[in-house]
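Shown next: upload_30.cif, given as mmCIF, C-alpha atoms and all ligand atoms.
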```cif
data_upload
#
loop_
_atom_site.label_atom_id
_atom_site.label_comp_id
_atom_site.auth_asym_id
_atom_site.auth_seq_id
_atom_site.Cartn_x
_atom_site.Cartn_y
_atom_site.Cartn_z
CA MET A 1 93.73 105.27 40.36
CA GLN A 2 95.01 107.63 43.06
CA THR A 3 92.66 109.03 45.67
CA PHE A 4 92.60 111.91 48.10
CA SER A 5 91.85 112.09 51.79
CA PHE A 6 90.69 114.68 54.29
CA ASP A 7 91.68 113.16 57.63
CA PRO A 8 90.25 115.00 60.62
CA VAL A 9 92.69 117.12 62.60
CA GLU A 10 92.75 117.33 66.36
CA LEU A 11 93.90 120.76 67.45
CA PRO A 12 96.72 120.69 70.00
CA PRO A 13 96.21 122.03 73.54
CA GLY A 14 96.80 125.74 73.87
CA ILE A 15 94.77 126.63 70.78
CA PRO A 16 91.68 127.94 72.65
CA ALA A 17 93.90 130.30 74.67
CA LEU A 18 95.63 131.54 71.49
CA ARG A 19 92.23 132.07 69.85
CA GLU A 20 91.04 134.14 72.81
CA GLU A 21 94.22 136.23 72.73
CA ILE A 22 93.79 136.96 69.00
CA ARG A 23 90.07 137.75 69.37
CA ALA A 24 90.75 140.18 72.23
CA PHE A 25 93.38 141.96 70.11
CA LEU A 26 91.09 142.16 67.08
CA GLN A 27 88.12 143.37 69.08
CA VAL A 28 90.12 146.44 70.07
CA GLU A 29 91.93 146.99 66.78
CA LEU A 30 88.91 146.55 64.49
CA ALA A 31 86.30 148.27 66.67
CA GLY A 32 83.88 150.21 64.47
CA LEU A 33 85.20 148.82 61.15
CA PRO A 34 82.16 148.48 58.83
CA ALA A 35 81.38 145.21 56.99
CA SER A 36 82.32 146.85 53.69
CA ARG A 37 85.92 147.13 54.97
CA ARG A 38 85.90 143.57 56.32
CA VAL A 39 85.00 141.66 53.13
CA ASN A 40 87.85 140.30 51.01
CA SER A 41 90.09 141.64 53.77
CA TRP A 42 93.26 139.87 52.71
CA ALA A 43 93.26 142.25 49.74
CA VAL A 44 93.09 145.33 52.02
CA PHE A 45 96.48 146.98 52.55
CA ASP A 46 97.02 148.58 55.98
CA ALA A 47 100.68 148.89 56.94
CA GLY A 48 99.84 150.16 60.44
CA PHE A 49 97.76 147.10 61.18
CA SER A 50 100.46 144.76 59.84
CA ARG A 51 103.04 146.38 62.11
CA LYS A 52 100.79 146.02 65.16
CA LEU A 53 100.13 142.38 64.34
CA ALA A 54 103.86 141.78 63.91
CA ALA A 55 104.57 143.39 67.27
CA ARG A 56 102.45 140.61 68.81
CA GLY A 57 104.60 137.99 67.04
CA TRP A 58 101.91 137.16 64.48
CA VAL A 59 103.80 137.82 61.24
CA GLY A 60 106.49 135.33 60.26
CA MET A 61 105.10 133.32 63.18
CA VAL A 62 106.62 130.00 62.09
CA TRP A 63 109.98 131.33 60.86
CA PRO A 64 113.27 130.80 62.72
CA LYS A 65 113.98 133.30 65.51
CA GLN A 66 117.31 134.02 63.86
CA TYR A 67 115.41 135.89 61.09
CA GLY A 68 112.88 137.63 63.35
CA GLY A 69 110.38 134.76 63.40
CA HIS A 70 108.79 133.12 66.41
CA GLU A 71 109.10 129.38 65.74
CA ARG A 72 105.43 128.70 66.44
CA SER A 73 103.69 125.72 64.81
CA SER A 74 101.94 125.84 61.44
CA ILE A 75 98.66 124.84 63.11
CA GLU A 76 98.94 127.87 65.40
CA ARG A 77 99.50 130.00 62.31
CA TYR A 78 96.46 128.42 60.66
CA VAL A 79 94.32 129.36 63.66
CA LEU A 80 95.65 132.91 63.50
CA LEU A 81 94.70 133.15 59.81
CA GLU A 82 91.21 131.83 60.53
CA GLU A 83 90.65 134.43 63.22
CA LEU A 84 92.04 137.28 61.11
CA LEU A 85 89.89 136.34 58.10
CA ALA A 86 86.76 135.69 60.16
CA ALA A 87 87.11 139.13 61.73
CA GLY A 88 87.84 140.78 58.35
CA ALA A 89 91.21 142.16 59.47
CA PRO A 90 93.09 144.23 56.84
CA VAL A 91 96.01 141.86 56.37
CA GLY A 92 96.87 142.60 52.72
CA ALA A 93 100.16 144.44 53.39
CA HIS A 94 102.11 141.54 54.86
CA TRP A 95 99.99 138.65 53.53
CA ILE A 96 102.13 137.60 50.57
CA ALA A 97 105.46 137.99 52.41
CA ASP A 98 104.15 135.94 55.32
CA ARG A 99 102.47 133.27 53.19
CA GLN A 100 104.93 132.65 50.39
CA SER A 101 107.78 135.12 49.78
CA GLY A 102 109.32 134.69 53.24
CA PRO A 103 109.02 130.88 53.04
CA ALA A 104 110.53 131.03 49.50
CA LEU A 105 113.51 132.94 50.91
CA LEU A 106 113.87 130.41 53.71
CA ARG A 107 113.89 127.55 51.18
CA PHE A 108 115.91 129.01 48.37
CA GLY A 109 117.39 132.33 49.48
CA SER A 110 121.05 133.02 50.13
CA GLU A 111 122.11 133.86 53.66
CA GLU A 112 122.51 137.48 52.53
CA GLN A 113 118.93 137.62 51.16
CA ARG A 114 117.48 136.02 54.29
CA SER A 115 119.22 138.23 56.80
CA LYS A 116 118.63 141.36 54.73
CA TYR A 117 114.88 140.97 54.15
CA LEU A 118 113.25 138.46 56.51
CA PRO A 119 113.52 140.51 59.74
CA GLY A 120 111.74 143.47 58.06
CA MET A 121 109.03 141.14 56.77
CA ALA A 122 108.57 139.69 60.28
CA ARG A 123 108.25 143.23 61.69
CA GLY A 124 105.40 143.84 59.22
CA GLU A 125 107.43 146.58 57.50
CA THR A 126 108.80 144.95 54.33
CA TYR A 127 106.24 143.78 51.78
CA CYS A 128 106.72 141.60 48.73
CA CYS A 129 104.64 140.99 45.60
CA ILE A 130 104.43 138.08 43.16
CA GLY A 131 105.78 138.70 39.66
CA MET A 132 104.60 135.64 37.80
CA SER A 133 101.79 136.57 35.36
CA GLU A 134 102.40 138.43 32.10
CA PRO A 135 99.99 139.66 29.40
CA ASN A 136 100.37 136.35 27.55
CA ALA A 137 101.39 134.09 30.41
CA GLY A 138 98.75 133.41 33.07
CA SER A 139 97.42 129.88 33.20
CA ASP A 140 100.22 128.98 30.81
CA LEU A 141 102.96 130.33 33.06
CA ALA A 142 105.74 128.62 31.11
CA ALA A 143 105.04 131.19 28.35
CA VAL A 144 106.82 133.87 30.46
CA LYS A 145 108.83 136.11 28.12
CA SER A 146 110.39 138.67 30.47
CA ARG A 147 114.07 137.87 30.51
CA ALA A 148 117.25 138.31 32.47
CA GLU A 149 120.53 138.25 30.52
CA ARG A 150 123.81 137.69 32.29
CA LEU A 151 126.30 140.51 31.58
CA PRO A 152 130.05 139.88 31.21
CA ASP A 153 130.64 141.28 34.73
CA GLY A 154 128.22 138.74 36.27
CA ARG A 155 125.36 141.21 36.80
CA TRP A 156 121.93 140.72 35.15
CA LYS A 157 120.02 142.91 32.70
CA ILE A 158 116.23 142.55 32.92
CA ASN A 159 113.60 143.49 30.33
CA GLY A 160 109.91 142.68 30.07
CA GLN A 161 106.51 143.16 31.70
CA LYS A 162 104.43 141.62 34.46
CA ILE A 163 100.70 142.15 35.01
CA TRP A 164 98.12 141.68 37.79
CA THR A 165 100.91 142.17 40.32
CA THR A 166 98.98 142.59 43.55
CA GLN A 167 99.95 145.68 45.60
CA ALA A 168 103.21 146.21 43.63
CA GLN A 169 102.88 149.99 44.07
CA ARG A 170 102.94 149.59 47.86
CA CYS A 171 105.60 146.86 48.19
CA GLN A 172 109.36 147.21 48.42
CA LEU A 173 110.16 143.82 46.85
CA ILE A 174 109.06 141.59 44.01
CA ILE A 175 109.93 137.96 43.29
CA ALA A 176 109.91 137.84 39.49
CA LEU A 177 109.91 134.72 37.35
CA LEU A 178 112.17 135.45 34.36
CA ARG A 179 113.53 133.58 31.40
CA THR A 180 117.31 133.11 31.70
CA SER A 181 117.75 130.78 28.69
CA PRO A 182 115.96 130.68 25.34
CA VAL A 183 112.74 128.64 25.11
CA ASP A 184 113.24 124.93 24.59
CA ASP A 185 110.10 123.76 22.75
CA LYS A 186 110.51 120.25 24.13
CA ASN A 187 110.69 121.52 27.73
CA ARG A 188 109.09 124.97 28.03
CA GLN A 189 109.43 124.97 31.83
CA ALA A 190 113.23 124.84 31.57
CA GLY A 191 115.36 128.01 31.49
CA LEU A 192 113.28 130.02 33.99
CA SER A 193 114.73 131.57 37.14
CA GLN A 194 113.43 133.57 40.10
CA PHE A 195 114.84 136.97 41.06
CA LEU A 196 114.32 138.91 44.26
CA LEU A 197 114.30 142.57 43.25
CA GLU A 198 113.93 145.87 45.06
CA LEU A 199 111.15 147.75 43.34
CA ASP A 200 112.90 151.13 43.52
CA THR A 201 115.69 149.85 41.25
CA PRO A 202 116.19 152.22 38.25
CA GLY A 203 114.37 150.94 35.15
CA ILE A 204 111.37 149.46 37.03
CA THR A 205 108.08 151.26 36.40
CA ILE A 206 104.87 150.37 38.23
CA ARG A 207 101.49 151.32 36.80
CA PRO A 208 98.44 150.59 39.00
CA ILE A 209 95.31 149.22 37.29
CA VAL A 210 91.95 150.60 38.41
CA ASP A 211 89.53 147.72 39.04
CA LEU A 212 85.74 147.52 38.79
CA VAL A 213 85.16 149.02 42.26
CA GLY A 214 87.59 151.88 41.67
CA GLU A 215 90.43 150.43 43.75
CA THR A 216 94.05 150.14 42.61
CA HIS A 217 94.67 146.66 43.90
CA PHE A 218 96.97 145.28 41.21
CA CYS A 219 99.49 146.69 38.76
CA GLU A 220 101.51 146.39 35.61
CA VAL A 221 105.26 146.24 36.32
CA PHE A 222 107.68 147.13 33.51
CA PHE A 223 111.39 146.26 33.44
CA ASN A 224 113.41 148.42 31.08
CA ASP A 225 117.16 147.59 31.03
CA VAL A 226 117.16 147.01 34.76
CA ILE A 227 120.69 146.14 35.92
CA VAL A 228 120.99 144.14 39.13
CA ASP A 229 123.75 142.33 41.00
CA ALA A 230 124.30 138.59 40.67
CA SER A 231 123.09 138.30 44.27
CA CYS A 232 119.50 139.07 43.16
CA LEU A 233 119.07 135.59 41.73
CA LEU A 234 116.81 133.63 44.10
CA GLY A 235 117.80 129.99 44.37
CA THR A 236 119.29 128.20 41.39
CA GLU A 237 119.50 129.49 37.82
CA GLY A 238 117.15 127.46 35.60
CA GLU A 239 115.22 125.99 38.55
CA GLY A 240 112.57 128.75 38.59
CA TRP A 241 109.73 126.47 37.54
CA LYS A 242 110.36 123.98 40.35
CA GLN A 243 110.70 126.79 42.89
CA VAL A 244 107.54 128.54 41.71
CA THR A 245 105.50 125.34 41.84
CA GLY A 246 106.47 124.89 45.50
CA GLU A 247 105.38 128.49 46.15
CA LEU A 248 102.04 127.95 44.40
CA SER A 249 101.07 125.15 46.76
CA LEU A 250 101.49 127.61 49.66
CA GLU A 251 99.52 130.20 47.66
CA ARG A 252 96.59 127.85 47.10
CA SER A 253 96.24 125.92 50.32
CA GLY A 254 95.21 128.51 52.92
CA PRO A 255 91.82 129.31 54.49
CA GLU A 256 91.64 132.59 52.53
CA ARG A 257 90.43 130.49 49.60
CA TYR A 258 87.00 130.09 51.17
CA MET A 259 86.75 132.90 53.72
CA SER A 260 86.80 136.07 51.56
CA SER A 261 83.02 136.59 51.72
CA LEU A 262 82.40 135.52 55.33
CA ALA A 263 82.20 139.06 56.72
CA LEU A 264 79.02 139.51 54.66
CA TYR A 265 77.49 136.43 56.29
CA PHE A 266 78.33 137.74 59.76
CA GLU A 267 76.80 141.08 58.78
CA LEU A 268 73.63 139.24 57.72
CA LEU A 269 73.48 137.58 61.16
CA ARG A 270 73.92 140.98 62.80
CA VAL A 271 71.27 142.84 60.79
CA THR A 272 68.65 140.07 60.89
CA GLY A 273 69.03 139.46 64.63
CA PRO A 274 67.85 136.41 66.58
CA ASN A 275 64.48 136.00 64.79
CA PRO A 276 65.03 136.09 61.02
CA SER A 277 62.32 135.14 58.51
CA ASP A 278 62.06 131.50 57.40
CA THR A 279 63.77 132.25 54.05
CA ILE A 280 66.71 133.89 55.77
CA ARG A 281 66.83 131.20 58.45
CA GLN A 282 67.19 128.50 55.78
CA ALA A 283 69.96 130.40 54.02
CA ILE A 284 71.78 130.89 57.31
CA GLY A 285 71.59 127.17 58.12
CA ARG A 286 72.65 126.03 54.68
CA THR A 287 75.57 128.45 54.62
CA ALA A 288 76.71 127.42 58.12
CA ALA A 289 76.78 123.76 57.01
CA GLU A 290 78.87 124.64 53.97
CA ILE A 291 81.28 126.76 56.00
CA TRP A 292 81.70 123.97 58.52
CA THR A 293 82.44 121.38 55.84
CA LEU A 294 84.93 123.61 54.01
CA ARG A 295 86.55 124.48 57.30
CA GLN A 296 87.10 120.81 58.18
CA MET A 297 88.58 120.18 54.72
CA SER A 298 90.83 123.24 54.85
CA LEU A 299 92.01 122.35 58.36
CA SER A 300 92.77 118.83 57.17
CA VAL A 301 95.02 120.26 54.44
CA ALA A 302 96.78 122.37 57.10
CA GLY A 303 97.22 119.24 59.22
CA GLN A 304 98.73 117.32 56.32
CA LEU A 305 101.14 120.19 55.56
CA ALA A 306 102.13 120.27 59.23
CA ARG A 307 102.95 116.55 59.03
CA GLY A 308 105.27 117.24 56.08
CA LYS A 309 102.95 115.81 53.40
CA ASP A 310 102.22 117.51 50.07
CA PRO A 311 98.40 117.51 49.80
CA ALA A 312 98.38 119.17 46.35
CA ILE A 313 95.13 117.53 45.18
CA GLU A 314 93.34 118.21 48.47
CA ALA A 315 94.50 121.86 48.39
CA ALA A 316 93.22 122.25 44.81
CA ILE A 317 89.86 120.73 45.80
CA VAL A 318 89.50 123.11 48.76
CA LYS A 319 90.42 126.09 46.58
CA ASP A 320 87.96 125.08 43.86
CA LEU A 321 85.07 124.35 46.25
CA GLY A 322 86.01 127.30 48.45
CA ASN A 323 86.05 129.75 45.52
CA SER A 324 82.68 128.46 44.33
CA PHE A 325 81.30 128.96 47.84
CA GLU A 326 82.66 132.48 48.29
CA GLN A 327 81.33 133.48 44.87
CA ALA A 328 77.89 131.91 45.43
CA LEU A 329 77.39 133.43 48.89
CA PRO A 330 76.91 137.07 47.77
CA VAL A 331 74.48 135.95 45.04
CA LEU A 332 72.48 133.89 47.55
CA LEU A 333 72.41 136.71 50.09
CA GLN A 334 71.39 139.21 47.40
CA SER A 335 68.40 137.04 46.51
CA ILE A 336 67.26 136.67 50.11
CA GLY A 337 68.21 140.29 50.83
CA GLU A 338 65.63 141.33 48.29
CA ALA A 339 63.08 139.69 50.61
CA GLY A 340 63.42 142.45 53.19
CA LEU A 341 66.94 143.78 53.83
CA ASP A 342 68.18 147.26 53.08
CA LEU A 343 70.34 146.71 50.00
CA GLN A 344 70.87 150.44 49.52
CA ASP A 345 72.59 150.76 52.89
CA GLN A 346 75.96 152.28 52.00
CA THR A 347 77.75 151.41 55.25
CA GLY A 348 76.63 147.95 56.26
CA PHE A 349 75.13 144.96 54.49
CA GLY A 350 74.22 146.71 51.22
CA ARG A 351 77.68 148.21 50.65
CA ALA A 352 79.48 144.98 51.56
CA LEU A 353 77.17 143.04 49.24
CA ALA A 354 77.72 145.46 46.36
CA LEU A 355 81.48 145.21 46.76
CA LEU A 356 81.45 141.42 46.81
CA LEU A 357 79.11 141.12 43.83
CA GLN A 358 81.63 143.11 41.82
CA THR A 359 84.87 141.65 43.13
CA SER A 360 84.00 137.97 43.70
CA PRO A 361 84.20 136.96 40.00
CA SER A 362 87.98 137.42 40.37
CA PHE A 363 88.20 135.00 43.32
CA SER A 364 88.34 131.97 41.03
CA LEU A 365 91.05 133.59 38.88
CA ARG A 366 93.63 134.72 41.46
CA GLY A 367 96.03 131.97 42.46
CA GLY A 368 95.09 129.81 39.45
CA THR A 369 91.76 129.53 37.66
CA ARG A 370 89.02 126.99 38.29
CA GLU A 371 89.75 125.15 35.02
CA ILE A 372 93.45 124.89 35.82
CA LEU A 373 92.76 123.59 39.34
CA ARG A 374 90.34 121.01 38.03
CA GLY A 375 93.01 119.93 35.54
CA ILE A 376 95.45 119.51 38.47
CA ILE A 377 92.89 117.43 40.37
CA ALA A 378 92.20 115.26 37.31
CA ARG A 379 95.92 114.74 36.68
CA GLY A 380 96.52 113.95 40.36
CA LEU A 381 93.81 111.31 40.23
CA GLY A 382 95.33 109.80 37.09
CA LEU A 383 92.36 110.80 34.94
CA ARG A 384 94.33 112.76 32.31
C1 LIG B 1 92.63 139.57 41.93
C2 LIG B 1 93.80 138.99 41.20
C3 LIG B 1 95.06 139.12 41.74
C4 LIG B 1 96.16 138.57 41.07
N1 LIG B 1 97.40 138.77 41.62
C5 LIG B 1 98.49 138.30 40.96
C6 LIG B 1 99.80 138.53 41.46
O1 LIG B 1 99.98 139.15 42.50
N2 LIG B 1 100.85 138.08 40.75
C7 LIG B 1 100.70 137.37 39.59
O2 LIG B 1 101.70 136.95 39.02
N3 LIG B 1 99.46 137.14 39.06
C8 LIG B 1 98.36 137.59 39.72
N4 LIG B 1 97.10 137.39 39.20
C9 LIG B 1 96.98 136.75 37.89
C10 LIG B 1 96.39 135.36 37.93
O3 LIG B 1 97.31 134.42 38.40
C11 LIG B 1 95.93 135.06 36.50
O4 LIG B 1 94.84 135.93 36.23
C12 LIG B 1 95.49 133.64 36.30
O5 LIG B 1 96.58 132.75 36.44
C13 LIG B 1 94.85 133.42 34.92
O6 LIG B 1 95.67 133.90 33.91
P1 LIG B 1 95.12 134.91 32.78
O7 LIG B 1 94.47 136.06 33.48
O8 LIG B 1 96.24 135.20 31.86
O9 LIG B 1 93.96 134.13 32.05
P2 LIG B 1 94.15 132.99 30.92
O10 LIG B 1 95.25 132.07 31.34
O11 LIG B 1 94.25 133.65 29.60
O12 LIG B 1 92.78 132.23 31.04
C14 LIG B 1 91.57 132.74 30.48
C15 LIG B 1 90.50 131.67 30.65
O13 LIG B 1 90.87 130.50 29.91
C16 LIG B 1 90.88 129.36 30.76
N5 LIG B 1 91.98 128.46 30.42
C17 LIG B 1 93.27 128.80 30.18
N6 LIG B 1 94.01 127.70 29.91
C18 LIG B 1 93.17 126.64 29.98
C19 LIG B 1 93.33 125.24 29.81
N7 LIG B 1 94.52 124.70 29.52
N8 LIG B 1 92.25 124.45 29.96
C20 LIG B 1 91.04 124.96 30.26
N9 LIG B 1 90.81 126.29 30.42
C21 LIG B 1 91.86 127.12 30.29
C22 LIG B 1 91.12 129.92 32.16
O14 LIG B 1 90.65 129.03 33.16
C23 LIG B 1 90.35 131.22 32.11
O15 LIG B 1 88.99 130.98 32.36
C24 LIG B 1 95.98 137.90 39.85
C25 LIG B 1 94.70 137.77 39.30
C26 LIG B 1 93.62 138.31 39.95
C27 LIG B 1 92.26 138.18 39.36
#
```
Write-out of the structure in structure tokens:
Amino acid sequence: MQTFSFDPVELPPGIPALREEIRAFLQVELAGLPASRRVNSWAVFDAGFSRKLAARGWVGMVWPKQYGGHERSSIERYVLLEELLAAGAPVGAHWIADRQSGPALLRFGSEEQRSKYLPGMARGETYCCIGMSEPNAGSDLAAVKSRAERLPDGRWKINGQKIWTTQAQRCQLIIALLRTSPVDDKNRQAGLSQFLLELDTPGITIRPIVDLVGETHFCEVFFNDVIVDASCLLGTEGEGWKQVTGELSLERSGPERYMSSLALYFELLRVTGPNPSDTIRQAIGRTAAEIWTLRQMSLSVAGQLARGKDPAIEAAIVKDLGNSFEQALPVLLQSIGEAGLDLQDQTGFGRALALLLQTSPSFSLRGGTREILRGIIARGLGLR
């Protein structure tokens, strides 16, 4: 039977100074931002903030300088992400490009695609969304039906529909997973390819979906006879499944998978002050212990990635435990909040709590559901 490991990571010298630099920047940039704007902050789109962050060299931080990156280490990037998420910075505009689309271009993109799009991403100006899910293809991603047909002149004609495409209405680019050969029932993952498309291409329609809290965070994207050049293919025709799987491990392994609700915890510490009641004190202690444990596990995954390993099982475990934690936290704080906090407060704790109670059920869906992750863990351990 296979196992998994969470080796401790020793942070390299220079990290405390980087942390201080980031904190000083965030203290100025986020001054006065209420807790309700800090929760789930990697879903908050703020192009101005992304540009300012990029000007400090903190977008595309690990990419080659040739493409506008800064060639910093992945552990330095991990520390940056921790600080941004802990502070509740609105990082949603550049998040996907920085985390997975840019790295996908570096791995699979043509020289033309890299030099055309990566510098804008690294400046915090070009944003990309993920076109994987469809109405009948979520957990079962191999069921993707949207298709690209090669035309006699070498161009592609695209038809179909994506759904739950985060921030599509505000992005310039999408990486879409499309079927380029008919389904082979013996190998459903074959015949899929990735395409890097500009979202203002004629024939693409984007329809935002209003979510439970009234935000338009994700969209439907329709492709109706969209004609694109051969150069829009990303990577190799027919290798889409393999490429996407590599992207998913980047999507699932980061600290955002346990830190989405932390701003509410910090708000609790602020409003209860140095002498909270015993009930609140216990909740604070228990939560701190959980955060610390998850943080060590998440950092260990980052350390393994930095050493060139593929900690797929460990990443799935952190995402599963992390999602459970960030969903349980608002419920716990609601129950203790009822013991004496102002839950009707529309600017601070109460508003942040209300938002998280309504949005956190989605945390264990985005990036792969709990059941799917547990299946990956079981398969990795040789149990299925
Ligand atoms: C906030 C948010 C943002 C998202 N952003 C994007 C995005 O930007 N781009 C994108 O492509 N997608 C995005 N998604 C879609 C997300 O990836 C899918 O919602 C997810 O993969 C689940 O697919 P589904 O919604 O079709 O549910 P289904 O796959 O239909 O699953 C429904 C339920 O059945 C369970 N289930 C399904 N199959 C199995 C199985 N084999 N064994 C056990 N249980 C199973 C699931 O766990 C789930 O509980 C986003 C989703 C959310 C909530």
- [ ] Please extract the residues at most 6 Å from ligand LIG 1 (chain B), counting all atoms listed in the file, and provide them as a VMD selection string, using the chain letters and residue numbers of this document.
- [x] chain A and resid 129 to 133 137 to 140 164 to 166 362 365 to 372
Using all atoms listed in the file, what does the table of range 246-346 of chain A residues within 9 Å of range 354-357 of chain A look like, with each row giving the shortest atom pair and its distance in Å to one decimal, sorted by chain and ascending number, as a Markdown table?
```
| residue | atom | partner | partner_atom | distance |
| --- | --- | --- | --- | --- |
| A:Ser260 | CA | A:Leu356 | CA | 8.9 |
| A:Ser261 | CA | A:Leu356 | CA | 7.1 |
| A:Leu264 | CA | A:Leu356 | CA | 8.4 |
| A:Gln327 | CA | A:Leu357 | CA | 8.0 |
| A:Pro330 | CA | A:Leu357 | CA | 6.1 |
| A:Val331 | CA | A:Leu357 | CA | 7.0 |
| A:Gln334 | CA | A:Leu357 | CA | 8.7 |
| A:Leu343 | CA | A:Ala354 | CA | 8.3 |
```
Open item on the list: I'd like the contact shell of Glu29 in chain A - 12 Å cut-off, only C-alpha atoms, skipping same-chain residues fewer than 4 positions apart - returned as a ChimeraX atom specification.
Closed with: /A:22-25,33,48-50,52-53,84,87-90
Open item on the list: Between CA of Gly322 in chain A and CA of Gln296 in chain A, what is the distance in Å, rounded to a tenth?
Closed with: 11.7 Å
With range 56-79 of chain A as the partner and 12 Å as the cut-off, tabulate the residues of range 200-277 of chain A that qualify, each row holding the nearest pair of atoms and their distance in Å to one decimal, using only C-alpha atoms, sorted by chain and rising number, as JSON lines.
```
{"residue": "A:Leu250", "atom": "CA", "partner": "A:Ser74", "partner_atom": "CA", "distance": 11.9}
{"residue": "A:Ser253", "atom": "CA", "partner": "A:Tyr78", "partner_atom": "CA", "distance": 10.6}
{"residue": "A:Gly254", "atom": "CA", "partner": "A:Tyr78", "partner_atom": "CA", "distance": 7.8}
{"residue": "A:Pro255", "atom": "CA", "partner": "A:Tyr78", "partner_atom": "CA", "distance": 7.8}
{"residue": "A:Glu256", "atom": "CA", "partner": "A:Tyr78", "partner_atom": "CA", "distance": 10.3}
```
Selection export as an mmCIF file, keeping the file's coordinate frame, atoms kept: C-alpha atoms:
```cif
data_model
loop_
_atom_site.group_PDB
_atom_site.id
_atom_site.type_symbol
_atom_site.label_atom_id
_atom_site.label_comp_id
_atom_site.auth_asym_id
_atom_site.auth_seq_id
_atom_site.Cartn_x
_atom_site.Cartn_y
_atom_site.Cartn_z
ATOM 1 C CA LEU A 250 101.490 127.610 49.660
ATOM 2 C CA SER A 253 96.240 125.920 50.320
ATOM 3 C CA GLY A 254 95.210 128.510 52.920
ATOM 4 C CA PRO A 255 91.820 129.310 54.490
ATOM 5 C CA GLU A 256 91.640 132.590 52.530
#
```
Could you rebuild range 172-187 of chain A with N, CA and C atoms and give it back as a compact mmCIF listing (two decimals), in the frame of the given file?
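Written out: out.txt:
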```txt
# COMPACT_ATOMS: atom_id res chain seq x y z
N GLN A 172 107.95 146.87 48.68
CA GLN A 172 109.36 147.21 48.42
C GLN A 172 110.04 146.15 47.55
N LEU A 173 109.49 144.93 47.52
CA LEU A 173 110.16 143.82 46.85
C LEU A 173 109.22 143.09 45.90
N ILE A 174 109.82 142.48 44.90
CA ILE A 174 109.06 141.59 44.01
C ILE A 174 109.90 140.32 43.80
N ILE A 175 109.23 139.17 43.75
CA ILE A 175 109.93 137.96 43.29
C ILE A 175 109.42 137.71 41.88
N ALA A 176 110.32 137.92 40.90
CA ALA A 176 109.91 137.84 39.49
C ALA A 176 110.41 136.53 38.89
N LEU A 177 109.52 135.92 38.10
CA LEU A 177 109.91 134.72 37.35
C LEU A 177 110.35 135.19 35.96
N LEU A 178 111.61 134.92 35.61
CA LEU A 178 112.17 135.45 34.36
C LEU A 178 112.85 134.34 33.57
N ARG A 179 112.87 134.56 32.28
CA ARG A 179 113.53 133.58 31.40
C ARG A 179 115.03 133.89 31.37
N THR A 180 115.85 132.90 31.72
CA THR A 180 117.31 133.11 31.70
C THR A 180 117.99 132.31 30.59
N SER A 181 117.22 131.46 29.89
CA SER A 181 117.75 130.78 28.69
C SER A 181 116.64 130.78 27.65
N PRO A 182 116.99 130.68 26.38
CA PRO A 182 115.96 130.68 25.34
C PRO A 182 114.98 129.51 25.53
N VAL A 183 113.77 129.68 24.95
CA VAL A 183 112.74 128.64 25.11
C VAL A 183 113.19 127.35 24.43
N ASP A 184 113.01 126.26 25.16
CA ASP A 184 113.24 124.93 24.59
C ASP A 184 111.84 124.35 24.35
N ASP A 185 111.47 124.19 23.07
CA ASP A 185 110.10 123.76 22.75
C ASP A 185 109.75 122.39 23.32
N LYS A 186 110.78 121.60 23.57
CA LYS A 186 110.51 120.25 24.13
C LYS A 186 110.31 120.31 25.65
N ASN A 187 110.82 121.37 26.27
CA ASN A 187 110.69 121.52 27.73
C ASN A 187 110.55 123.00 28.05
```
